>>> print(open('start.tsv').read())   # TSV, C-alpha atoms
chain	number	residue	atom	x	y	z
A	1	MET	CA	118.46	110.92	144.52
A	2	VAL	CA	121.03	109.39	146.91
A	3	SER	CA	121.27	105.59	146.61
A	4	ARG	CA	121.65	103.15	149.49
A	5	TRP	CA	125.24	102.41	148.41
A	6	GLU	CA	126.13	106.10	148.56
A	7	ARG	CA	124.63	106.42	152.05
A	8	VAL	CA	126.64	103.40	153.25
A	9	THR	CA	129.95	104.66	151.83
A	10	ALA	CA	129.32	108.10	153.33
A	11	ALA	CA	128.74	106.67	156.84
A	12	LEU	CA	131.47	103.98	156.73
A	13	PRO	CA	134.50	106.21	157.63
A	14	TYR	CA	132.74	107.51	160.75
A	15	LEU	CA	131.67	104.02	161.89
A	16	LEU	CA	135.17	102.57	161.41
A	17	VAL	CA	136.62	105.30	163.66
A	18	LEU	CA	133.97	105.70	166.34
A	19	LEU	CA	133.08	102.01	166.87
A	20	PRO	CA	136.68	100.92	167.60
A	21	ALA	CA	136.95	103.96	169.86
A	22	LEU	CA	133.86	102.81	171.78
A	23	PHE	CA	135.25	99.28	172.25
A	24	SER	CA	138.63	100.65	173.30
A	25	LEU	CA	137.16	103.10	175.82
A	26	LEU	CA	134.91	100.44	177.30
A	27	ARG	CA	138.00	98.39	178.09
A	28	THR	CA	140.19	101.25	179.28
A	29	TRP	CA	139.25	104.90	179.57
A	30	ARG	CA	141.85	107.07	177.84
A	31	VAL	CA	141.28	110.71	177.02
A	32	GLU	CA	143.80	110.64	174.15
A	33	VAL	CA	141.80	107.87	172.40
A	34	LEU	CA	138.58	109.90	172.62
A	35	ALA	CA	140.31	113.08	171.43
A	36	LEU	CA	142.08	111.41	168.47
A	37	ALA	CA	138.94	109.51	167.37
A	38	LEU	CA	136.79	112.65	167.45
A	39	PHE	CA	139.47	114.59	165.59
A	40	ALA	CA	139.68	111.91	162.87
A	41	ALA	CA	135.89	111.96	162.37
A	42	ALA	CA	135.81	115.76	162.35
A	43	TRP	CA	138.75	115.97	159.92
A	44	HIS	CA	137.02	113.62	157.48
A	45	TRP	CA	133.76	115.56	157.75
A	46	PHE	CA	135.42	118.93	157.22
A	47	VAL	CA	137.51	117.96	154.16
A	48	VAL	CA	135.27	115.39	152.42
A	49	ALA	CA	131.67	115.96	153.53
A	50	PHE	CA	131.53	119.67	154.40
A	51	ARG	CA	133.75	120.77	151.48
A	52	PRO	CA	133.07	118.24	148.71
A	53	GLY	CA	134.68	120.47	146.09
A	54	TRP	CA	138.04	120.21	147.83
A	55	SER	CA	138.41	116.55	146.83
A	56	ALA	CA	139.19	117.69	143.27
A	57	ARG	CA	142.39	119.41	144.45
A	58	ALA	CA	145.41	117.08	144.63
A	59	TRP	CA	147.18	118.99	147.40
A	60	VAL	CA	144.07	118.97	149.59
A	61	VAL	CA	143.67	115.19	149.13
A	62	ALA	CA	147.34	114.63	149.92
A	63	GLY	CA	147.07	116.71	153.10
A	64	TYR	CA	143.88	114.90	154.06
A	65	PHE	CA	145.57	111.48	153.86
A	66	VAL	CA	148.77	112.60	155.62
A	67	VAL	CA	146.87	113.99	158.62
A	68	LEU	CA	144.42	111.09	158.77
A	69	LEU	CA	147.18	108.46	158.51
A	70	ALA	CA	149.11	110.13	161.31
A	71	VAL	CA	146.01	110.11	163.56
A	72	VAL	CA	145.14	106.49	162.71
A	73	ALA	CA	148.78	105.41	163.29
A	74	ALA	CA	148.68	107.00	166.74
A	75	LEU	CA	145.40	105.23	167.54
A	76	VAL	CA	146.75	101.86	166.35
A	77	ARG	CA	149.86	102.40	168.48
A	78	ILE	CA	147.61	102.95	171.51
A	79	ASP	CA	145.17	100.10	170.77
A	80	PRO	CA	145.46	97.58	167.87
A	81	VAL	CA	141.65	97.46	167.62
A	82	PHE	CA	141.94	100.60	165.46
A	83	THR	CA	143.48	98.46	162.71
A	84	VAL	CA	139.94	98.03	161.35
A	85	THR	CA	139.90	101.78	160.71
A	86	GLY	CA	142.17	101.00	157.79
A	87	VAL	CA	139.17	99.60	155.91
A	88	GLY	CA	137.67	103.09	155.86
A	89	MET	CA	141.03	104.43	154.65
A	90	PHE	CA	141.02	101.90	151.80
A	91	VAL	CA	137.56	103.02	150.73
A	92	GLN	CA	138.66	106.66	150.74
A	93	CYS	CA	141.74	105.78	148.65
A	94	PHE	CA	139.55	104.43	145.85
A	95	ALA	CA	136.98	107.21	146.28
A	96	LEU	CA	139.40	110.17	146.20
A	97	LEU	CA	142.52	109.00	144.32
A	98	PRO	CA	142.53	108.41	140.55
A	99	GLY	CA	143.75	105.25	138.80
A	100	LEU	CA	146.95	103.66	140.10
A	101	TRP	CA	147.29	106.35	142.75
A	102	ALA	CA	144.48	104.57	144.63
A	103	TYR	CA	146.59	101.38	144.88
A	104	ALA	CA	149.61	103.43	145.94
A	105	GLY	CA	147.46	104.98	148.69
A	106	VAL	CA	146.38	101.50	149.77
A	107	ALA	CA	150.02	100.36	149.99
A	108	VAL	CA	150.99	103.40	152.08
A	109	THR	CA	147.99	102.86	154.37
A	110	VAL	CA	148.81	99.16	154.88
A	111	GLY	CA	152.44	100.01	155.54
A	112	THR	CA	151.44	102.62	158.11
A	113	LEU	CA	149.10	100.19	159.90
A	114	VAL	CA	151.71	97.41	159.97
A	115	ALA	CA	154.43	99.76	161.20
A	116	ALA	CA	152.21	101.36	163.83
A	117	ARG	CA	151.24	98.11	165.52
A	118	PRO	CA	153.47	97.10	168.41
A	119	PRO	CA	156.12	94.58	167.18
A	120	ALA	CA	155.30	92.01	169.90
A	121	GLY	CA	158.28	89.91	168.87
A	122	ARG	CA	157.37	89.70	165.16
A	123	THR	CA	160.21	89.08	162.75
A	124	PRO	CA	160.80	91.22	159.63
A	125	VAL	CA	159.52	88.36	157.47
A	126	GLU	CA	156.27	88.31	159.41
A	127	LEU	CA	155.93	92.09	159.05
A	128	LEU	CA	156.55	91.80	155.31
A	129	ALA	CA	153.99	89.04	155.02
A	130	SER	CA	151.47	91.11	156.91
A	131	PHE	CA	152.14	94.01	154.55
A	132	VAL	CA	151.71	91.91	151.39
A	133	VAL	CA	148.58	90.21	152.62
A	134	GLY	CA	147.15	93.56	153.73
A	135	VAL	CA	147.83	95.15	150.35
A	136	LEU	CA	146.23	92.23	148.50
A	137	VAL	CA	143.14	92.19	150.71
A	138	ALA	CA	142.81	95.98	150.57
A	139	SER	CA	143.24	96.01	146.78
A	140	MET	CA	140.55	93.37	146.35
A	141	THR	CA	138.25	95.35	148.65
A	142	GLY	CA	138.95	98.53	146.71
A	143	LEU	CA	138.38	96.79	143.39
A	144	VAL	CA	134.96	95.63	144.57
A	145	PHE	CA	134.17	99.12	145.83
A	146	GLN	CA	135.26	100.67	142.54
A	147	THR	CA	133.22	98.18	140.50
A	148	VAL	CA	130.07	98.79	142.53
A	149	SER	CA	130.56	102.57	142.27
A	150	GLU	CA	130.96	102.39	138.49
A	151	GLN	CA	127.86	100.21	138.16
A	152	ASN	CA	125.94	102.64	140.35
A	153	ALA	CA	127.00	105.55	138.15
A	154	GLN	CA	125.98	103.60	135.03
A	155	LEU	CA	122.58	102.86	136.53
A	156	LYS	CA	122.10	106.54	137.32
A	157	GLU	CA	123.00	107.47	133.76
A	158	LYS	CA	120.62	104.87	132.36
A	159	SER	CA	117.85	106.08	134.67
A	160	ALA	CA	118.37	109.65	133.46
A	161	ARG	CA	118.22	108.49	129.84
A	162	LEU	CA	115.05	106.49	130.53
A	163	ALA	CA	113.45	109.53	132.17
A	164	ALA	CA	114.33	111.65	129.12
A	165	LEU	CA	112.91	108.98	126.81
A	166	ALA	CA	109.73	108.81	128.89
A	167	GLU	CA	109.31	112.56	128.57
A	168	GLU	CA	109.86	112.38	124.80
A	169	ASN	CA	107.39	109.51	124.55
A	170	ALA	CA	104.78	111.50	126.45
A	171	ASP	CA	105.19	114.43	124.05
A	172	LEU	CA	105.08	112.06	121.07
A	173	GLN	CA	101.97	110.38	122.44
A	174	ALA	CA	100.24	113.74	122.73
A	175	ARG	CA	101.15	114.60	119.14
A	176	LEU	CA	100.00	111.18	117.90
A	177	LEU	CA	96.72	111.67	119.73
A	178	VAL	CA	96.07	114.89	117.85
A	179	GLN	CA	97.20	113.42	114.52
A	180	ALA	CA	95.03	110.34	114.98
A	181	ARG	CA	92.04	112.48	115.80
A	182	GLU	CA	92.65	114.66	112.76
A	183	ALA	CA	92.90	111.60	110.50
A	184	GLY	CA	89.78	110.03	112.01
A	185	VAL	CA	87.55	113.07	111.58
A	186	LEU	CA	88.72	114.06	108.09
A	187	GLY	CA	85.86	112.23	106.38
A	188	GLU	CA	83.36	113.58	108.87
A	189	ARG	CA	84.64	117.12	108.27
A	190	GLN	CA	84.13	116.74	104.55
A	191	ARG	CA	80.58	115.57	105.07
A	192	LEU	CA	79.84	118.41	107.51
A	193	ALA	CA	81.39	120.92	105.13
A	194	ARG	CA	78.96	119.92	102.42
A	195	GLU	CA	76.02	120.11	104.81
A	196	ILE	CA	77.09	123.51	106.17
A	197	HIS	CA	77.44	124.88	102.66
A	198	ASP	CA	74.06	123.56	101.58
A	199	THR	CA	72.12	124.56	104.72
A	200	VAL	CA	73.67	127.04	107.17
A	201	ALA	CA	75.59	129.15	104.65
A	202	GLN	CA	72.68	129.32	102.24
A	203	GLY	CA	70.28	130.14	105.07
A	204	LEU	CA	72.51	132.96	106.38
A	205	THR	CA	72.76	134.37	102.87
A	206	GLY	CA	68.95	134.48	102.70
A	207	ILE	CA	68.75	136.11	106.16
A	208	LEU	CA	71.17	138.84	105.05
A	209	THR	CA	69.07	139.51	101.97
A	210	GLN	CA	65.91	139.85	104.03
A	211	LEU	CA	67.64	142.11	106.59
A	212	GLU	CA	68.85	144.45	103.88
A	213	ALA	CA	65.31	144.61	102.48
A	214	ALA	CA	63.89	145.32	105.94
A	215	ASP	CA	66.50	148.03	106.52
A	216	GLU	CA	65.44	149.77	103.31
A	217	ALA	CA	61.75	149.56	104.17
A	218	ALA	CA	60.04	152.85	104.89
A	219	GLY	CA	58.97	153.74	108.40
A	220	ALA	CA	61.85	152.03	110.25
A	221	THR	CA	62.87	154.04	113.33
A	222	PRO	CA	66.58	154.73	114.13
A	223	ALA	CA	66.41	152.26	117.05
A	224	VAL	CA	65.04	149.55	114.77
A	225	ARG	CA	67.67	150.32	112.13
A	226	ALA	CA	70.42	150.03	114.81
A	227	ARG	CA	69.11	146.65	115.87
A	228	LEU	CA	68.88	145.52	112.27
A	229	ALA	CA	72.47	146.66	111.69
A	230	THR	CA	73.63	144.61	114.72
A	231	VAL	CA	71.73	141.53	113.51
A	232	ARG	CA	73.10	142.00	109.99
A	233	GLU	CA	76.65	142.23	111.32
A	234	LEU	CA	76.18	139.05	113.36
A	235	ALA	CA	74.77	137.26	110.33
A	236	ARG	CA	77.74	138.35	108.20
A	237	GLU	CA	80.19	137.13	110.83
A	238	SER	CA	78.35	133.82	111.11
A	239	LEU	CA	78.36	133.44	107.33
A	240	THR	CA	82.10	134.14	107.24
A	241	GLU	CA	82.68	131.55	109.95
A	242	ALA	CA	80.54	129.02	108.07
A	243	ARG	CA	82.53	129.56	104.89
A	244	ARG	CA	85.79	129.24	106.78
A	245	SER	CA	84.57	125.99	108.32
A	246	VAL	CA	83.76	124.70	104.86
A	247	GLN	CA	87.29	125.58	103.78
A	248	ALA	CA	88.73	123.86	106.92
A	249	LEU	CA	90.45	127.06	108.06
A	250	ARG	CA	91.10	128.28	111.58
A	251	PRO	CA	88.47	130.49	113.27
A	252	ALA	CA	88.53	134.04	111.98
A	253	PRO	CA	89.91	135.66	115.17
A	254	LEU	CA	92.84	133.20	115.21
A	255	ALA	CA	93.55	133.81	111.55
A	256	THR	CA	94.11	137.53	112.17
A	257	ALA	CA	95.51	137.54	115.73
A	258	ALA	CA	99.13	136.82	116.60
A	259	GLN	CA	98.25	134.98	119.84
A	260	LEU	CA	95.30	133.18	121.37
A	261	GLY	CA	95.02	135.84	124.08
A	262	THR	CA	94.61	138.56	121.45
A	263	ALA	CA	91.96	136.51	119.65
A	264	LEU	CA	90.05	136.04	122.91
A	265	ALA	CA	90.21	139.78	123.56
A	266	GLU	CA	88.74	140.49	120.11
A	267	VAL	CA	85.95	137.96	120.62
A	268	ALA	CA	85.16	139.37	124.09
A	269	ALA	CA	85.12	142.94	122.79
A	270	ALA	CA	82.74	142.06	119.94
A	271	TRP	CA	80.49	140.16	122.35
A	272	SER	CA	80.47	143.11	124.80
A	273	ARG	CA	79.39	145.52	122.05
A	274	THR	CA	76.55	143.21	121.07
A	275	CYS	CA	75.31	142.23	124.55
A	276	GLU	CA	76.25	145.51	126.28
A	277	VAL	CA	77.96	143.57	129.11
A	278	PRO	CA	81.61	144.27	130.00
A	279	ALA	CA	83.94	141.30	129.45
A	280	SER	CA	87.57	141.35	130.56
A	281	VAL	CA	90.37	139.05	129.35
A	282	SER	CA	93.55	138.29	131.30
A	283	VAL	CA	96.48	136.03	130.41
A	284	THR	CA	98.77	134.39	132.96
A	285	GLY	CA	101.92	132.32	132.50
A	286	ASP	CA	104.31	132.17	129.57
A	287	ALA	CA	102.17	132.77	126.49
A	288	ARG	CA	103.39	130.70	123.54
A	289	PRO	CA	102.03	129.37	120.21
A	290	LEU	CA	100.07	126.15	120.62
A	291	HIS	CA	98.82	123.54	118.19
A	292	THR	CA	96.01	124.75	115.93
A	293	GLU	CA	93.53	122.28	117.41
A	294	VAL	CA	94.32	123.41	120.95
A	295	GLU	CA	93.86	127.12	120.19
A	296	SER	CA	90.74	126.50	118.10
A	297	THR	CA	89.17	124.37	120.83
A	298	LEU	CA	89.77	126.98	123.55
A	299	LEU	CA	88.49	129.80	121.34
A	300	ARG	CA	85.32	127.85	120.51
A	301	VAL	CA	84.77	127.10	124.20
A	302	ALA	CA	85.08	130.81	125.00
A	303	GLN	CA	82.66	131.74	122.20
A	304	GLU	CA	80.13	129.13	123.32
A	305	ALA	CA	80.43	130.19	126.96
A	306	LEU	CA	79.89	133.85	126.06
A	307	ALA	CA	76.93	132.89	123.89
A	308	ASN	CA	75.35	131.04	126.82
A	309	VAL	CA	75.95	134.03	129.10
A	310	GLY	CA	74.29	136.35	126.61
A	311	LYS	CA	71.27	134.06	126.18
A	312	HIS	CA	70.60	132.85	129.71
A	313	ALA	CA	72.73	134.39	132.46
A	314	ARG	CA	71.52	138.02	132.67
A	315	ALA	CA	75.02	138.86	133.95
A	316	SER	CA	76.46	142.32	134.64
A	317	ARG	CA	80.07	141.34	133.94
A	318	VAL	CA	82.15	138.45	132.57
A	319	GLY	CA	85.79	137.56	133.22
A	320	ILE	CA	87.93	135.37	130.94
A	321	THR	CA	91.30	134.02	132.12
A	322	LEU	CA	93.77	132.14	129.91
A	323	SER	CA	96.45	130.37	131.97
A	324	TYR	CA	99.58	128.91	130.37
A	325	MET	CA	101.20	126.22	132.53
A	326	GLU	CA	104.04	123.78	131.93
A	327	ASP	CA	102.01	120.86	130.59
A	328	VAL	CA	98.50	122.23	130.18
A	329	VAL	CA	96.67	125.41	129.28
A	330	ALA	CA	93.43	126.38	131.02
A	331	LEU	CA	90.56	128.69	130.03
A	332	ASP	CA	88.22	130.02	132.71
A	333	VAL	CA	85.02	131.95	131.91
A	334	ARG	CA	83.15	133.38	134.93
A	335	ASP	CA	80.01	135.49	135.12
A	336	ASP	CA	77.89	136.93	137.93
A	337	GLY	CA	74.57	135.97	136.34
A	338	SER	CA	71.59	133.95	137.46
A	339	GLY	CA	73.40	130.61	137.44
A	340	PHE	CA	71.76	127.18	137.38
A	341	THR	CA	71.98	123.74	138.95
A	342	PRO	CA	74.73	121.69	137.20
A	343	GLY	CA	73.68	118.22	136.13
A	344	SER	CA	70.06	119.09	135.53
A	345	GLY	CA	69.02	118.34	131.99
A	346	PHE	CA	72.42	118.20	130.28
A	347	THR	CA	71.06	116.52	127.19
A	348	PRO	CA	71.51	117.50	123.55
A	349	GLY	CA	68.66	119.55	122.25
A	350	SER	CA	67.68	121.13	125.57
A	351	GLY	CA	68.18	124.72	124.56
A	352	GLY	CA	71.31	126.42	125.85
A	353	ARG	CA	72.42	123.30	127.72
A	354	PHE	CA	73.48	121.76	124.40
A	355	GLY	CA	76.32	124.30	124.32
A	356	LEU	CA	77.81	122.75	127.47
A	357	VAL	CA	77.64	119.29	125.91
A	358	ALA	CA	79.38	120.58	122.76
A	359	MET	CA	82.09	122.26	124.83
A	360	ARG	CA	82.72	119.08	126.79
A	361	GLN	CA	82.95	117.05	123.59
A	362	ARG	CA	85.46	119.47	122.08
A	363	VAL	CA	87.69	119.39	125.13
A	364	THR	CA	87.42	115.62	125.60
A	365	ARG	CA	88.60	115.00	122.02
A	366	LEU	CA	91.92	116.62	123.02
A	367	ALA	CA	92.22	114.47	126.18
A	368	GLY	CA	91.25	117.51	128.25
A	369	SER	CA	88.62	118.17	130.92
A	370	LEU	CA	85.75	120.60	131.38
A	371	ALA	CA	84.44	121.64	134.78
A	372	VAL	CA	81.24	123.63	135.41
A	373	GLU	CA	80.55	125.33	138.74
A	374	SER	CA	77.26	127.12	139.24
A	375	ALA	CA	74.36	127.63	141.58
A	376	PRO	CA	71.08	129.52	141.23
A	377	GLY	CA	71.74	133.21	141.79
A	378	GLN	CA	75.52	132.78	142.18
A	379	GLY	CA	76.77	132.95	138.61
A	380	THR	CA	78.61	130.34	136.57
A	381	ALA	CA	82.26	129.35	136.15
A	382	ILE	CA	83.39	127.18	133.24
A	383	SER	CA	86.96	125.84	133.24
A	384	ALA	CA	88.47	124.00	130.25
A	385	THR	CA	91.91	122.38	130.57
A	386	VAL	CA	93.73	120.77	127.62
A	387	PRO	CA	97.32	119.58	127.01
A	388	ALA	CA	99.66	122.42	126.02
A	389	ILE	CA	100.72	120.80	122.74
A	390	PRO	CA	103.23	123.13	121.03
A	391	ALA	CA	102.58	124.46	117.55
A	392	ASP	CA	104.02	122.54	114.62
A	393	PRO	CA	107.25	124.17	113.33
A	394	GLY	CA	105.79	124.46	109.86
A	395	THR	CA	102.67	126.36	110.91
>>> encode(input="start.tsv", output="C-alpha cells")
Amino acid sequence: MVSRWERVTAALPYLLVLLPALFSLLRTWRVEVLALALFAAAWHWFVVAFRPGWSARAWVVAGYFVVLLAVVAALVRIDPVFTVTGVGMFVQCFALLPGLWAYAGVAVTVGTLVAARPPAGRTPVELLASFVVGVLVASMTGLVFQTVSEQNAQLKEKSARLAALAEENADLQARLLVQAREAGVLGERQRLAREIHDTVAQGLTGILTQLEAADEAAGATPAVRARLATVRELARESLTEARRSVQALRPAPLATAAQLGTALAEVAAAWSRTCEVPASVSVTGDARPLHTEVESTLLRVAQEALANVGKHARASRVGITLSYMEDVVALDVRDDGSGFTPGSGFTPGSGGRFGLVAMRQRVTRLAGSLAVESAPGQGTAISATVPAIPADPGT
C-alpha cells in the first residue's frame, strides 16, 4: 500500500518544475522555457518513475543528475523563479544517492543554482554566502526527508510484523478453540461411553444374535435371507462404531482411509449398496490432512445426511462434494428427493428432523455453520462449513 508521504514525494519533482514554468510563461511566453520544463519532467519520469530498477545503477543515477542539472541551470539562467526547482533536486539527492554522496549531490546542486543565476552585481563573498546558506538549508531539508522516509519504512515493517502476528494468533485461536472443546467434553465423553456400552452395544449384540437365529430358521426364502444379511451387516457395522466410540477412536472409515475424501467415498458406496441409490463423491481444492475433530465432524454430517435421505427423501441420486479452501472446508450433500419445508418442526425427537439438529450442533461446536436448502418436491441440499484446522504434526 502506497502511503501519503510516498505519493507526495513522487509528485514533488513534477510540481517544482511545472509550477515555476507556469508562472514564468504567464509573465513572458518563451518556447524554450516550455520545452526545457517538459523535458525535465519527462526525463525524471523516464529514469525514476518508468524505470524504477535503474536507480540501483550508479552510472544511470550519475547521468540522470548531470542531464537534470544542466536543464535546471538553463532554466534558472532564463528565469530565476526556477531556483525553487532545486528543492526537488535536493529530495532526489537523498532519495537516490547513498550516505555522504547525498550531501555531495546537494552541494553540487546548490553550486549549480548559485552559478546559474545572473550575477546582478553580486560580489564573490555574496555568492559564497549564498552557496553556504543553500547547502545548509538543503542539508537540513534532506535530513528531515531522510528521517521521515526511515520512519515510514519502519512503520511498514512493523505493520507487516503485526499482520503476521495477527495471522498466527488467528491460527492459535482456532487451535485453542478445539483444545478447549476437547477438554470440556472429556468428562461427558466418558459418561456417554459407559452408557453406550451398557445400552446401545449390548442391544446391538442381542439384535445380531436374534438375526442369526432368524437366518437359520427353516422356511426363510432367499429374498428374506438377503434382507436379513443386509440388516445383520448394518448391525455389525453399528456395533463396531459403538465400540470405537467407547474407545474414543476415530470413525471406522477414517481409521482405514488415507484421506477424508476416500472415507466419504467408502461411506457413500456402502450406503448406495444398502439403499440401492447411486451416490457420487467429488473433491475440489487442495486436499490435505485436517484435524481429527474436523474430519470426524464432516464424516458424521455426511453419514447423517445420507441416513436422512435413505429414510425420508425417496431420492433417485445423491451427490456429495468436499471442497478444500484456504481457511475453511465445506461439505455439500444434495439429493433430488421429495424435499421438505425448512424450519418446520426442527425439534429434538421429531423423527428424522433430529438428525438435522445433531448435525448443526456438531458443526457449531467447531465454530462452523450449517445451511439447509429444500422445498417440497425439489430435493434437499445440506452444506456444512468448518475451519480448515490442519492436522497435528504428531497424528
>>> atom_distance(input="start.tsv", atom1="CA of Phe23 in chain A", atom2="CA of Phe82 in chain A")
9.6 Å
>>> residues_around(input="start.tsv", residues="range 277-283 of chain A", least_positions_apart="2", cutoff="6 Å", atoms="all atoms listed in the file", output="ChimeraX atom specification")
/A:265,268,272,275,316-323
>>> closest_residue(input="start.tsv", among="A:Val329, A:Ala263, A:Ile382, A:Val81", to="Gly285 in chain A", atoms="all atoms listed in the file")
A:Val329
>>> closest_residue(input="start.tsv", among="A:Asp79, A:Glu276, A:Glu266, A:Glu212", to="Gln303 in chain A", atoms="only C-alpha atoms")
A:Glu266
>>> residues_around(input="start.tsv", residues="range 357-373 of chain A", least_positions_apart="4", cutoff="6 Å", atoms="all atoms listed in the file", output="VMD selection string")
chain A and resid 301 380 to 386
>>> write_last_selection(input="start.tsv", atoms="C-alpha atoms", output="PDB file, in the coordinates of the input")
ATOM      1  CA  VAL A 301      84.770 127.100 124.200  1.00  0.00           C
ATOM      2  CA  THR A 380      78.610 130.340 136.570  1.00  0.00           C
ATOM      3  CA  ALA A 381      82.260 129.350 136.150  1.00  0.00           C
ATOM      4  CA  ILE A 382      83.390 127.180 133.240  1.00  0.00           C
ATOM      5  CA  SER A 383      86.960 125.840 133.240  1.00  0.00           C
ATOM      6  CA  ALA A 384      88.470 124.000 130.250  1.00  0.00           C
ATOM      7  CA  THR A 385      91.910 122.380 130.570  1.00  0.00           C
ATOM      8  CA  VAL A 386      93.730 120.770 127.620  1.00  0.00           C
TER       9      VAL A 386
END
>>> atom_distance(input="start.tsv", atom1="CA of Arg57 in chain A", atom2="CA of Val114 in chain A")
28.5 Å
>>> atom_distance(input="start.tsv", atom1="CA of Thr284 in chain A", atom2="CA of Tyr324 in chain A")
6.1 Å
>>> closest_residue(input="start.tsv", among="A:Leu19, A:Ala223, A:Gly203, A:Leu260", to="Ser238 in chain A", atoms="only C-alpha atoms")
A:Gly203
